[in-house]
file entry-v7.cif (mmCIF, C-alpha atoms)
data_start
loop_
_atom_site.label_atom_id
_atom_site.label_comp_id
_atom_site.auth_asym_id
_atom_site.auth_seq_id
_atom_site.Cartn_x
_atom_site.Cartn_y
_atom_site.Cartn_z
CA MET A 218 -28.65 -14.06 -12.91
CA LEU A 219 -29.53 -16.57 -15.60
CA ASP A 220 -32.95 -16.93 -17.21
CA ILE A 221 -34.70 -19.92 -15.58
CA LYS A 222 -36.36 -20.70 -18.92
CA ILE A 223 -32.94 -21.26 -20.51
CA ILE A 224 -31.97 -23.56 -17.62
CA ARG A 225 -35.23 -25.55 -17.96
CA GLU A 226 -35.13 -25.91 -21.73
CA ASN A 227 -31.36 -26.31 -22.26
CA THR A 228 -30.17 -27.94 -19.06
CA GLU A 229 -27.29 -29.98 -20.47
CA GLU A 230 -26.03 -27.13 -22.64
CA VAL A 231 -26.03 -24.79 -19.62
CA LYS A 232 -24.05 -27.33 -17.59
CA THR A 233 -21.53 -27.82 -20.39
CA ARG A 234 -20.98 -24.11 -20.98
CA LEU A 235 -20.52 -23.43 -17.27
CA ARG A 236 -17.99 -26.24 -17.06
CA GLY A 237 -16.13 -24.31 -19.75
CA LYS A 238 -15.74 -21.61 -17.09
CA GLN A 239 -14.00 -24.23 -14.95
CA VAL A 240 -16.85 -24.41 -12.46
CA ASP A 241 -18.98 -27.49 -11.85
CA CYS A 242 -22.54 -26.29 -11.28
CA ASP A 243 -24.29 -29.55 -12.21
CA ALA A 244 -25.57 -30.31 -8.68
CA THR A 245 -26.62 -26.67 -8.18
CA ILE A 246 -28.57 -26.65 -11.44
CA ASP A 247 -30.28 -29.95 -10.59
CA ARG A 248 -31.31 -28.54 -7.22
CA ILE A 249 -32.54 -25.31 -8.84
CA LEU A 250 -34.76 -27.31 -11.18
CA GLU A 251 -36.15 -29.30 -8.24
CA LEU A 252 -36.90 -26.09 -6.37
CA ASP A 253 -38.40 -24.53 -9.48
CA ILE A 254 -40.89 -27.42 -9.78
CA LYS A 255 -41.66 -27.30 -6.06
CA ARG A 256 -42.04 -23.53 -6.18
CA ARG A 257 -44.55 -23.64 -9.02
CA GLU A 258 -46.50 -26.44 -7.33
CA LEU A 259 -46.76 -24.47 -4.08
CA ILE A 260 -47.79 -21.31 -5.90
CA GLN A 261 -50.47 -23.27 -7.77
CA LYS A 262 -51.79 -24.86 -4.56
CA ALA A 263 -51.78 -21.58 -2.65
CA GLU A 264 -53.55 -19.77 -5.50
CA ALA A 265 -56.18 -22.55 -5.73
CA ASP A 266 -56.85 -22.28 -1.98
CA LYS A 267 -57.02 -18.50 -2.15
CA SER A 268 -59.41 -18.68 -5.08
CA GLU A 269 -61.65 -21.09 -3.13
CA GLN A 270 -61.35 -18.88 -0.03
CA ASN A 271 -62.59 -15.87 -1.99
CA LYS A 272 -65.44 -17.88 -3.46
CA VAL A 273 -66.53 -19.30 -0.07
CA SER A 274 -66.23 -15.94 1.70
CA LYS A 275 -68.76 -14.50 -0.74
CA GLN A 276 -71.20 -17.32 0.03
CA ILE A 277 -71.32 -16.72 3.80
CA PRO A 278 -73.32 -13.41 3.71
CA GLN A 279 -75.76 -14.93 1.23
CA MET A 280 -76.24 -18.04 3.40
CA LYS A 281 -76.76 -15.96 6.53
CA LYS A 282 -79.30 -13.83 4.71
CA ALA A 283 -81.13 -16.98 3.62
CA GLY A 284 -81.03 -18.32 7.21
CA GLU A 285 -78.82 -21.27 6.30
CA ASP A 286 -76.30 -22.91 8.66
CA THR A 287 -72.79 -21.55 7.92
CA ALA A 288 -70.84 -23.68 10.43
CA ALA A 289 -69.46 -26.11 7.82
CA VAL A 290 -68.53 -23.27 5.48
CA ILE A 291 -66.76 -21.33 8.24
CA GLU A 292 -64.89 -24.50 9.24
CA ARG A 293 -63.80 -24.89 5.63
CA MET A 294 -62.65 -21.26 5.62
CA ASN A 295 -60.50 -21.87 8.68
CA THR A 296 -59.02 -24.99 7.07
CA LEU A 297 -58.17 -23.04 3.91
CA LYS A 298 -56.62 -20.28 5.99
CA GLU A 299 -54.31 -22.74 7.73
CA GLU A 300 -53.42 -24.49 4.46
CA ILE A 301 -52.53 -21.15 2.85
CA LYS A 302 -50.35 -20.25 5.84
CA VAL A 303 -48.52 -23.57 5.55
CA PHE A 304 -48.09 -23.16 1.78
CA ASP A 305 -46.80 -19.57 2.17
CA THR A 306 -44.29 -20.60 4.83
CA GLU A 307 -43.04 -23.50 2.72
CA LEU A 308 -42.98 -21.31 -0.40
CA LYS A 309 -40.83 -18.69 1.32
CA ALA A 310 -38.28 -21.33 2.35
CA VAL A 311 -38.21 -22.74 -1.20
CA GLU A 312 -37.92 -19.28 -2.79
CA ASP A 313 -35.14 -18.24 -0.42
CA GLU A 314 -33.04 -21.28 -1.34
CA TYR A 315 -33.96 -20.94 -5.03
CA THR A 316 -32.88 -17.27 -5.11
CA GLU A 317 -29.65 -17.99 -3.25
CA LEU A 318 -28.69 -20.73 -5.70
CA MET A 319 -29.68 -18.68 -8.77
CA LEU A 320 -27.50 -15.80 -7.53
CA SER A 321 -24.58 -18.20 -7.08
CA LEU A 322 -24.51 -19.26 -10.74
CA PRO A 323 -21.94 -17.48 -12.94
CA ASN A 324 -22.90 -16.02 -16.28
CA LEU A 325 -22.99 -18.28 -19.33
CA PRO A 326 -19.90 -17.78 -21.50
CA ASP A 327 -20.67 -16.98 -25.12
CA PRO A 328 -20.67 -20.13 -27.30
CA ASP A 329 -17.66 -19.04 -29.37
CA LEU A 330 -15.29 -18.86 -26.38
CA LYS A 331 -12.76 -21.62 -25.85
CA PRO A 332 -13.35 -23.59 -22.64
CA GLY A 333 -10.66 -23.56 -19.97
CA GLY A 334 -8.37 -20.98 -18.39
CA LYS A 335 -5.56 -18.61 -19.35
CA GLU A 336 -3.78 -21.28 -21.35
CA ASN A 337 -6.57 -21.04 -23.94
CA ASN A 338 -6.62 -17.25 -24.23
CA MET A 339 -6.20 -16.17 -27.84
CA PRO A 340 -4.21 -13.06 -28.88
CA LEU A 341 -6.10 -11.32 -31.67
CA CYS A 342 -3.73 -8.53 -32.67
CA PHE A 343 -0.42 -6.89 -31.77
CA TYR A 344 0.51 -3.24 -32.02
CA GLY A 345 4.20 -2.35 -31.98
CA GLY A 346 3.79 1.28 -30.94
CA ALA A 347 6.28 4.04 -31.51
CA VAL A 348 8.95 2.51 -29.27
CA LYS A 349 12.35 3.10 -30.85
CA SER A 350 15.09 0.52 -30.84
CA LYS A 351 17.11 1.07 -27.70
CA THR A 352 20.89 0.71 -27.84
CA PHE A 353 21.17 0.67 -24.05
CA GLU A 354 20.00 -1.74 -21.35
CA LEU A 355 16.40 -0.99 -20.35
CA ARG A 356 15.68 -0.36 -16.70
CA ASN A 357 12.54 -1.09 -14.69
CA HIS A 358 9.99 1.59 -13.81
CA VAL A 359 10.54 1.26 -10.06
CA ASP A 360 14.17 2.38 -10.25
CA LEU A 361 13.44 5.03 -12.86
CA CYS A 362 10.50 6.52 -10.94
CA THR A 363 12.50 6.51 -7.71
CA GLU A 364 15.50 8.26 -9.28
CA LEU A 365 13.24 10.79 -11.01
CA GLY A 366 11.48 11.40 -7.70
CA ILE A 367 8.03 11.03 -9.27
CA ILE A 368 6.81 7.98 -7.33
CA ASP A 369 7.56 7.49 -3.63
CA TYR A 370 7.16 3.80 -2.86
CA GLU A 371 8.92 3.90 0.50
CA ARG A 372 6.73 6.61 2.01
CA GLY A 373 3.62 5.09 0.44
CA ALA A 374 4.35 1.88 2.34
CA LYS A 375 5.11 3.91 5.48
CA LEU A 376 1.69 5.58 5.29
CA SER A 377 -0.43 2.57 4.33
CA GLY A 378 1.64 -0.61 3.99
CA ASN A 379 2.57 -2.73 0.98
CA GLY A 380 0.59 -2.16 -2.21
CA TYR A 381 0.44 1.66 -1.91
CA TRP A 382 2.54 4.48 -3.38
CA ILE A 383 2.64 8.27 -3.56
CA TYR A 384 2.67 10.34 -6.76
CA ARG A 385 4.98 13.33 -6.41
CA GLY A 386 5.62 16.40 -8.54
CA MET A 387 5.82 15.40 -12.19
CA GLY A 388 4.54 11.94 -11.25
CA ALA A 389 1.29 13.48 -10.00
CA ARG A 390 1.09 15.71 -13.06
CA LEU A 391 1.66 12.75 -15.39
CA GLU A 392 -1.08 10.79 -13.61
CA TRP A 393 -3.55 13.66 -14.00
CA ALA A 394 -2.52 14.15 -17.62
CA LEU A 395 -3.47 10.53 -18.30
CA LEU A 396 -6.84 10.92 -16.56
CA ASN A 397 -7.57 14.18 -18.41
CA TYR A 398 -6.68 12.54 -21.72
CA PHE A 399 -8.99 9.58 -21.04
CA LEU A 400 -11.94 11.64 -19.80
CA GLU A 401 -11.72 14.28 -22.53
CA THR A 402 -11.64 11.54 -25.19
CA HIS A 403 -14.74 9.83 -23.77
CA GLU A 404 -16.69 13.07 -23.44
CA LEU A 405 -15.91 14.10 -27.00
CA GLU A 406 -17.17 10.70 -28.16
CA GLY A 407 -20.57 11.12 -26.49
CA TYR A 408 -20.05 9.49 -23.10
CA GLU A 409 -21.60 11.21 -20.09
CA LEU A 410 -19.02 11.82 -17.36
CA ILE A 411 -19.93 10.36 -13.97
CA MET A 412 -18.28 10.71 -10.54
CA PRO A 413 -20.12 8.16 -8.36
CA PRO A 414 -19.91 7.69 -4.58
CA LEU A 415 -16.92 5.66 -3.45
CA MET A 416 -18.91 3.89 -0.72
CA LEU A 417 -21.69 1.63 -1.97
CA GLY A 418 -24.48 -0.49 -0.48
CA TYR A 419 -24.66 -4.28 -0.69
CA GLU A 420 -27.20 -4.22 -3.56
CA CYS A 421 -24.58 -2.64 -5.86
CA GLY A 422 -22.24 -5.59 -5.39
CA LEU A 423 -25.13 -8.01 -5.83
CA THR A 424 -26.31 -6.40 -9.07
CA ALA A 425 -22.79 -6.28 -10.53
CA GLY A 426 -22.44 -10.02 -9.85
CA GLN A 427 -19.57 -9.63 -7.38
CA PHE A 428 -21.69 -10.57 -4.35
CA PRO A 429 -22.34 -12.80 -2.56
CA LYS A 430 -19.39 -14.93 -3.73
CA PHE A 431 -16.70 -12.23 -3.70
CA LYS A 432 -17.96 -10.03 -0.86
CA ASP A 433 -14.79 -10.72 1.16
CA GLU A 434 -12.57 -9.25 -1.57
CA VAL A 435 -13.66 -5.65 -0.95
CA TYR A 436 -13.03 -3.24 1.93
CA TRP A 437 -16.06 -2.92 4.22
CA VAL A 438 -16.75 0.16 6.32
CA GLU A 439 -18.25 -0.42 9.76
CA GLU A 440 -20.91 2.00 10.99
CA GLU A 441 -22.23 1.51 14.51
CA GLY A 442 -20.67 -1.94 14.58
CA GLU A 443 -22.28 -3.00 11.30
CA ALA A 444 -20.69 -3.23 7.83
CA ARG A 445 -23.28 -1.36 5.76
CA HIS A 446 -21.10 0.01 2.96
CA PHE A 447 -18.08 -1.15 1.02
CA ILE A 448 -15.48 0.87 -0.88
CA LEU A 449 -15.85 0.28 -4.60
CA PRO A 450 -13.33 -2.02 -6.32
CA THR A 451 -14.17 -0.47 -9.69
CA ALA A 452 -16.62 2.14 -11.01
CA GLU A 453 -18.45 -0.67 -12.83
CA THR A 454 -19.89 -1.74 -9.46
CA ALA A 455 -21.59 1.64 -9.15
CA LEU A 456 -22.54 2.12 -12.82
CA ALA A 457 -24.19 -1.31 -13.00
CA SER A 458 -26.75 -0.09 -10.45
CA LEU A 459 -27.32 3.34 -11.95
CA HIS A 460 -30.60 2.15 -13.53
CA ARG A 461 -31.43 -0.58 -11.01
CA ASP A 462 -35.20 -1.17 -10.70
CA GLU A 463 -35.89 1.17 -13.63
CA ILE A 464 -37.67 0.74 -16.95
CA LEU A 465 -35.97 2.77 -19.68
CA ASN A 466 -37.39 3.72 -23.07
CA GLU A 467 -35.91 2.01 -26.12
CA ALA A 468 -35.47 5.42 -27.77
CA ASP A 469 -33.14 6.49 -24.94
CA LEU A 470 -30.74 3.59 -25.50
CA PRO A 471 -27.85 3.14 -25.58
CA LYS A 472 -26.78 4.91 -22.41
CA LYS A 473 -23.06 5.64 -22.45
CA TYR A 474 -21.10 6.57 -19.33
CA ALA A 475 -17.49 7.22 -18.37
CA ALA A 476 -16.63 7.38 -14.68
CA TYR A 477 -13.43 8.30 -12.90
CA THR A 478 -12.74 6.80 -9.46
CA PRO A 479 -9.88 5.54 -7.39
CA CYS A 480 -10.35 1.76 -7.02
CA PHE A 481 -9.68 -0.31 -3.93
CA ARG A 482 -8.85 -4.04 -3.88
CA ARG A 483 -8.01 -6.27 -0.93
CA GLU A 484 -6.04 -8.67 -3.12
CA ALA A 485 -2.91 -7.02 -4.45
CA GLY A 486 -1.42 -9.91 -6.37
CA SER A 487 1.24 -12.50 -5.93
CA TYR A 488 4.03 -10.12 -4.91
CA ARG A 489 6.34 -11.73 -7.45
CA ALA A 490 9.58 -9.85 -7.95
CA GLU A 491 8.63 -8.71 -11.45
CA GLU A 492 5.28 -7.38 -10.24
CA ARG A 493 6.68 -4.92 -7.74
CA GLY A 494 6.04 -1.21 -7.89
CA MET A 495 2.74 -0.14 -9.46
CA ILE A 496 1.92 -3.33 -11.38
CA ARG A 497 -0.31 -4.53 -8.54
CA GLY A 498 -1.70 -2.47 -5.68
CA HIS A 499 -4.54 -2.02 -3.24
CA GLN A 500 -5.44 1.43 -4.62
CA PHE A 501 -5.22 2.76 -8.17
CA ASN A 502 -6.95 5.24 -10.49
CA LYS A 503 -9.19 4.13 -13.32
CA VAL A 504 -11.63 5.54 -15.83
CA GLU A 505 -14.45 3.09 -16.56
CA MET A 506 -16.59 2.97 -19.69
CA PHE A 507 -20.11 1.56 -19.35
CA GLN A 508 -23.01 1.01 -21.74
CA VAL A 509 -26.65 0.05 -21.29
CA THR A 510 -28.21 -1.14 -24.53
CA THR A 511 -30.72 -3.45 -26.21
CA PRO A 512 -29.85 -7.14 -26.80
CA GLU A 513 -29.60 -6.71 -30.57
CA LYS A 514 -27.11 -3.82 -30.20
CA SER A 515 -25.00 -5.61 -27.62
CA ASN A 516 -22.31 -6.97 -29.97
CA GLU A 517 -21.98 -3.60 -31.67
CA ALA A 518 -21.49 -1.91 -28.29
CA PHE A 519 -18.83 -4.47 -27.34
CA ASP A 520 -16.86 -3.82 -30.53
CA GLU A 521 -17.08 -0.07 -29.89
CA LEU A 522 -15.67 -0.41 -26.38
CA VAL A 523 -12.82 -2.63 -27.54
CA THR A 524 -11.90 -0.16 -30.29
CA LYS A 525 -12.03 2.75 -27.85
CA ALA A 526 -9.70 1.04 -25.37
CA GLU A 527 -7.27 0.04 -28.14
CA THR A 528 -7.25 3.57 -29.57
CA LEU A 529 -6.45 5.12 -26.20
CA VAL A 530 -3.36 2.91 -25.84
CA LYS A 531 -2.41 3.26 -29.51
CA ASN A 532 -2.50 7.07 -29.32
CA LEU A 533 -0.07 6.90 -26.39
CA GLY A 534 2.35 5.15 -28.75
CA LEU A 535 2.60 2.08 -26.54
CA LYS A 536 3.28 -1.47 -27.58
CA PHE A 537 0.26 -3.65 -26.72
CA ARG A 538 -1.87 -6.62 -27.75
CA THR A 539 -5.56 -7.52 -27.62
CA VAL A 540 -6.48 -10.93 -26.21
CA LYS A 541 -9.76 -12.85 -26.39
CA LEU A 542 -10.19 -14.56 -23.03
CA ALA A 543 -11.14 -18.20 -22.71
CA ALA A 544 -14.36 -18.94 -20.84
CA GLY A 545 -12.58 -19.82 -17.61
CA ASP A 546 -10.58 -16.58 -17.55
CA CYS A 547 -13.68 -14.39 -17.87
CA SER A 548 -15.03 -13.10 -14.57
CA ALA A 549 -18.06 -14.83 -13.07
CA SER A 550 -20.52 -12.16 -14.21
CA MET A 551 -19.31 -11.78 -17.80
CA ALA A 552 -20.29 -13.63 -20.98
CA ARG A 553 -17.20 -12.53 -22.94
CA THR A 554 -14.09 -10.43 -22.32
CA TYR A 555 -11.26 -9.01 -24.39
CA ASP A 556 -8.17 -7.78 -22.54
CA ILE A 557 -5.98 -4.99 -23.86
CA GLU A 558 -2.50 -5.75 -22.51
CA VAL A 559 0.39 -3.28 -22.55
CA TYR A 560 4.01 -4.40 -22.88
CA ILE A 561 6.22 -3.95 -19.79
CA PRO A 562 9.85 -4.31 -21.01
CA SER A 563 11.34 -5.11 -17.59
CA MET A 564 8.94 -8.06 -17.28
CA GLY A 565 9.40 -9.18 -20.85
CA GLY A 566 5.64 -9.60 -21.15
CA TYR A 567 2.22 -8.00 -21.26
CA LYS A 568 -0.07 -6.75 -18.47
CA GLU A 569 -3.77 -5.97 -18.72
CA VAL A 570 -4.75 -2.28 -18.72
CA SER A 571 -8.32 -2.74 -19.91
CA SER A 572 -10.85 -5.55 -19.73
CA VAL A 573 -13.80 -5.00 -22.04
CA SER A 574 -16.71 -7.26 -21.11
CA ASN A 575 -20.29 -8.01 -22.07
CA ALA A 576 -22.57 -9.19 -19.27
CA ARG A 577 -25.52 -9.67 -21.66
CA ASP A 578 -28.66 -9.58 -19.43
CA TYR A 579 -26.96 -11.16 -16.38
CA GLN A 580 -26.56 -7.93 -14.38
CA ALA A 581 -29.88 -6.61 -15.65
CA ARG A 582 -31.76 -9.59 -14.19
CA ARG A 583 -29.97 -9.22 -10.87
CA GLY A 584 -30.77 -5.50 -10.75
CA ASN A 585 -34.19 -5.62 -12.46
CA MET A 586 -33.08 -3.22 -15.22
CA ARG A 587 -35.45 -3.24 -18.18
CA PHE A 588 -36.57 -1.23 -21.19
CA ARG A 589 -39.87 -0.73 -22.97
CA ARG A 590 -39.96 -1.27 -26.72
CA GLU A 591 -42.07 0.92 -28.97
CA ASP A 592 -44.76 -1.79 -29.09
CA GLY A 593 -44.95 -1.75 -25.28
CA LYS A 594 -43.08 -5.03 -24.70
CA ILE A 595 -40.75 -4.93 -21.69
CA GLU A 596 -37.37 -6.73 -21.82
CA TYR A 597 -34.11 -6.79 -19.89
CA VAL A 598 -31.31 -4.50 -21.07
CA ASN A 599 -27.76 -5.63 -21.77
CA THR A 600 -24.85 -4.08 -19.84
CA LEU A 601 -21.23 -3.76 -20.92
CA ASN A 602 -18.12 -2.29 -19.35
CA GLY A 603 -14.49 -1.62 -20.16
CA SER A 604 -11.55 0.11 -18.52
CA GLY A 605 -10.76 3.28 -20.36
CA LEU A 606 -8.13 3.09 -18.86
CA ALA A 607 -6.49 2.06 -15.58
CA THR A 608 -3.35 4.15 -15.00
CA SER A 609 -1.35 1.93 -12.64
CA ARG A 610 0.10 -0.10 -15.53
CA ILE A 611 -0.10 2.54 -18.25
CA LEU A 612 2.23 4.83 -16.32
CA PRO A 613 4.90 2.12 -15.79
CA ALA A 614 4.62 1.21 -19.48
CA ILE A 615 5.21 4.85 -20.45
CA ILE A 616 8.18 5.13 -18.10
CA GLU A 617 9.79 1.96 -19.44
CA GLN A 618 8.91 2.25 -23.14
CA TYR A 619 9.78 5.97 -23.35
CA GLN A 620 12.92 5.90 -21.18
CA CYS A 621 16.12 7.53 -22.39
CA GLU A 622 19.70 6.49 -21.74
CA ASP A 623 20.27 9.44 -19.37
CA GLY A 624 17.39 8.30 -17.13
CA SER A 625 14.89 10.86 -18.39
CA VAL A 626 11.54 9.88 -19.94
CA GLU A 627 9.99 11.26 -23.11
CA VAL A 628 6.39 12.46 -22.86
CA PRO A 629 3.94 10.76 -25.28
CA LYS A 630 2.57 13.18 -27.86
CA ALA A 631 -1.03 12.70 -26.68
CA LEU A 632 -0.12 13.96 -23.20
CA LYS A 633 2.08 16.94 -24.05
CA ARG A 634 -0.69 19.52 -24.09
CA PHE A 635 -1.85 18.35 -20.65
CA LEU A 636 1.72 18.97 -19.42
CA ARG A 637 2.08 22.44 -20.98
CA GLY A 638 4.00 21.12 -23.95
CA ARG A 639 6.67 19.35 -21.92
CA GLU A 640 8.91 17.08 -23.99
CA LYS A 641 10.65 15.12 -21.22
CA ILE A 642 10.55 14.31 -17.51
CA SER A 643 13.99 14.49 -15.92
CA LYS A 644 15.71 14.68 -12.54
CA GLN A 645 16.07 18.44 -13.03
CA ASP A 646 12.26 18.81 -13.17
CA GLN A 647 11.79 17.25 -9.76
CA LEU A 648 14.76 19.17 -8.37
CA LYS A 649 13.12 22.44 -9.45
CA VAL A 650 9.86 21.36 -7.77
CA ASN A 651 11.69 20.54 -4.53
CA ILE A 652 13.63 23.85 -4.55
CA LYS A 653 10.44 25.81 -5.18
CA SER A 654 8.64 23.96 -2.38
CA ALA A 655 11.48 24.64 0.06
CA PHE A 656 11.56 28.31 -0.96
CA ASN A 657 7.82 28.65 -0.29
CA CYS A 658 7.91 26.91 3.10
CA GLY A 659 8.76 30.09 4.98
CA GLY A 660 5.72 31.85 3.65
#
call {"tool": "encode", "arguments": {"input": "entry-v7.cif", "output": "structure tokens"}}
result
Amino acid sequence: MLDIKIIRENTEEVKTRLRGKQVDCDATIDRILELDIKRRELIQKAEADKSEQNKVSKQIPQMKKAGEDTAAVIERMNTLKEEIKVFDTELKAVEDEYTELMLSLPNLPDPDLKPGGKENNMPLCFYGGAVKSKTFELRNHVDLCTELGIIDYERGAKLSGNGYWIYRGMGARLEWALLNYFLETHELEGYELIMPPLMLGYECGLTAGQFPKFKDEVYWVEEEGEARHFILPTAETALASLHRDEILNEADLPKKYAAYTPCFRREAGSYRAEERGMIRGHQFNKVEMFQVTTPEKSNEAFDELVTKAETLVKNLGLKFRTVKLAAGDCSASMARTYDIEVYIPSMGGYKEVSSVSNARDYQARRGNMRFRREDGKIEYVNTLNGSGLATSRILPAIIEQYQCEDGSVEVPKALKRFLRGREKISKQDQLKVNIKSAFNCGG
């Protein structure tokens, strides 16, 4: 939620910056300002009547004691009572519309962002990784994973439909190796590990800035005929509400969290041929980084999260780039975002594996998250988040960038110790798993 003072004092600038996000909020802002004036007028009138009501009510006992006629005063009291009731009813209607419109406004993009959409995104750096020059024709991860028997797309679709897959044998072990690598790194760097509930209440989506506008993009769970909870689309949605309605101490900031969850999305992409397999799906695993900090430390926290995400990909030896998003490509609730995009050889391009974003005080205002400075002053915190990392594109990148001519896949150095020192993943590995499973079936 935006600060109404900023909207009042910098109306045209707010409109211009929001247009940079490719949304026209001019009429909404004009209406908000109208309601803001009306709201303050009604509050002033109601408070004046209440003040007079209190004053008059104190006079009645004194007048009765003095034997004076109180009929006119009592009539005035009744009039004030009715006026206050009318003002309160009108104020509630105004405040309801005002709140609804304020919640509908996206966050202001930072001034240094280019206006417009993806076409104005700006690559900041490229990292070539440890990918060796291949003398053979590279194959896509879908075929490689299928032949290696580590991802079962066909049975995933049989169980749940398009946009789902099954990790099998070394595929499951590789997935857990990635998650262990991410979580261990975060913990060693001072992030508290969190495993939040997967089903959340409406207020979590509202605080994160995803509701009400995007409430139809999540999976809702019906209980007794009513949709009371939704399944989280990302751990950020839970972490953003961790300190909702709390006042933290400045000395306790920043708060740093890393949460592992599976993530669930209704929209699974465009289903373009090059985006088949694990590139887009309804369910995937992700480790989320999250920080709660003071406004003056916000930029420093953002840089830290970007560096952390880059380092995770760099240590996997993967080719990637970091991109500064234009205002219109940032999500509605974010003021700035950098994407870390990994190279997928079969697509001949890059795909996002981490979005590092700064919400400034936008989520804090929606969730009433504040902190108390040493001098006693209370202010809103800043919240930031970043994937650290999502596996559904990292794993395909590893499979494709580390593939060998014989169809096997080298294991990145950073993951070897999580796979008991394994150097490669091959067809023989999965064959051994299948033989062992068959041998154990008879008990």
call {"tool": "resolve_selection", "arguments": {"input": "entry-v7.cif", "expression": "the PyMOL selection byres ((chain A and resi 516-519) around 12)", "output": "PyMOL selection string"}}
result
chain A and resi 327+470-473+506-515+520-526+552-555+572-577+599-603
call {"tool": "resolve_selection", "arguments": {"input": "entry-v7.cif", "expression": "the PyMOL selection byres ((chain A and resi 625-631) around 7)", "output": "short mmCIF file (atom, residue, chain, number, x, y, z; two decimals) with C-alpha atoms, keeping the file's coordinate frame"}}
result
data_model
loop_
_atom_site.label_atom_id
_atom_site.label_comp_id
_atom_site.auth_asym_id
_atom_site.auth_seq_id
_atom_site.Cartn_x
_atom_site.Cartn_y
_atom_site.Cartn_z
CA ASN A 532 -2.50 7.07 -29.32
CA LEU A 533 -0.07 6.90 -26.39
CA GLY A 534 2.35 5.15 -28.75
CA ILE A 616 8.18 5.13 -18.10
CA TYR A 619 9.78 5.97 -23.35
CA GLN A 620 12.92 5.90 -21.18
CA CYS A 621 16.12 7.53 -22.39
CA ASP A 623 20.27 9.44 -19.37
CA GLY A 624 17.39 8.30 -17.13
CA LEU A 632 -0.12 13.96 -23.20
CA LYS A 633 2.08 16.94 -24.05
CA ARG A 639 6.67 19.35 -21.92
CA GLU A 640 8.91 17.08 -23.99
CA LYS A 641 10.65 15.12 -21.22
CA ILE A 642 10.55 14.31 -17.51
CA SER A 643 13.99 14.49 -15.92
#
call {"tool": "atom_distance", "arguments": {"input": "entry-v7.cif", "atom1": "atom CA of Gln580 of chain A", "atom2": "atom CA of Thr233 of chain A"}}
result
21.4 Å
call {"tool": "atom_distance", "arguments": {"input": "entry-v7.cif", "atom1": "atom CA of Tyr474 of chain A", "atom2": "atom CA of Leu320 of chain A"}}
result
26.1 Å
call {"tool": "atom_distance", "arguments": {"input": "entry-v7.cif", "atom1": "atom CA of Gly593 of chain A", "atom2": "atom CA of Ala468 of chain A"}}
result
12.1 Å
call {"tool": "resolve_selection", "arguments": {"input": "entry-v7.cif", "expression": "the PyMOL selection byres ((chain A and resi 246-255) around 8)", "output": "ChimeraX atom specification"}}
result
/A:224-225,228,232,242-245,256-259,311-312,314-315,318-319
call {"tool": "residues_around", "arguments": {"input": "entry-v7.cif", "residues": "Gly418 of chain A", "least_positions_apart": "4", "cutoff": "7 Å", "atoms": "all atoms listed in the file", "output": "compact mmCIF listing (two decimals) with C-alpha atoms, in the frame of the given file"}}
result
# COMPACT_ATOMS: atom_id res chain seq x y z
CA ARG A 445 -23.28 -1.36 5.76
CA HIS A 446 -21.10 0.01 2.96
CA PHE A 447 -18.08 -1.15 1.02
call {"tool": "residues_around", "arguments": {"input": "entry-v7.cif", "residues": "segment 475-481 of chain A", "least_positions_apart": "5", "cutoff": "10 Å", "atoms": "all atoms listed in the file", "output": "number ranges by chain"}}
result
A: 396-397, 399-400, 402-404, 407-415, 434-436, 447-453, 455-456, 498-508, 602-607
call {"tool": "write_last_selection", "arguments": {"input": "entry-v7.cif", "atoms": "C-alpha atoms", "output": "compact mmCIF listing (two decimals), in the coordinates of the input"}}
result
# COMPACT_ATOMS: atom_id res chain seq x y z
CA LEU A 396 -6.84 10.92 -16.56
CA ASN A 397 -7.57 14.18 -18.41
CA PHE A 399 -8.99 9.58 -21.04
CA LEU A 400 -11.94 11.64 -19.80
CA THR A 402 -11.64 11.54 -25.19
CA HIS A 403 -14.74 9.83 -23.77
CA GLU A 404 -16.69 13.07 -23.44
CA GLY A 407 -20.57 11.12 -26.49
CA TYR A 408 -20.05 9.49 -23.10
CA GLU A 409 -21.60 11.21 -20.09
CA LEU A 410 -19.02 11.82 -17.36
CA ILE A 411 -19.93 10.36 -13.97
CA MET A 412 -18.28 10.71 -10.54
CA PRO A 413 -20.12 8.16 -8.36
CA PRO A 414 -19.91 7.69 -4.58
CA LEU A 415 -16.92 5.66 -3.45
CA GLU A 434 -12.57 -9.25 -1.57
CA VAL A 435 -13.66 -5.65 -0.95
CA TYR A 436 -13.03 -3.24 1.93
CA PHE A 447 -18.08 -1.15 1.02
CA ILE A 448 -15.48 0.87 -0.88
CA LEU A 449 -15.85 0.28 -4.60
CA PRO A 450 -13.33 -2.02 -6.32
CA THR A 451 -14.17 -0.47 -9.69
CA ALA A 452 -16.62 2.14 -11.01
CA GLU A 453 -18.45 -0.67 -12.83
CA ALA A 455 -21.59 1.64 -9.15
CA LEU A 456 -22.54 2.12 -12.82
CA GLY A 498 -1.70 -2.47 -5.68
CA HIS A 499 -4.54 -2.02 -3.24
CA GLN A 500 -5.44 1.43 -4.62
CA PHE A 501 -5.22 2.76 -8.17
CA ASN A 502 -6.95 5.24 -10.49
CA LYS A 503 -9.19 4.13 -13.32
CA VAL A 504 -11.63 5.54 -15.83
CA GLU A 505 -14.45 3.09 -16.56
CA MET A 506 -16.59 2.97 -19.69
CA PHE A 507 -20.11 1.56 -19.35
CA GLN A 508 -23.01 1.01 -21.74
CA ASN A 602 -18.12 -2.29 -19.35
CA GLY A 603 -14.49 -1.62 -20.16
CA SER A 604 -11.55 0.11 -18.52
CA GLY A 605 -10.76 3.28 -20.36
CA LEU A 606 -8.13 3.09 -18.86
CA ALA A 607 -6.49 2.06 -15.58
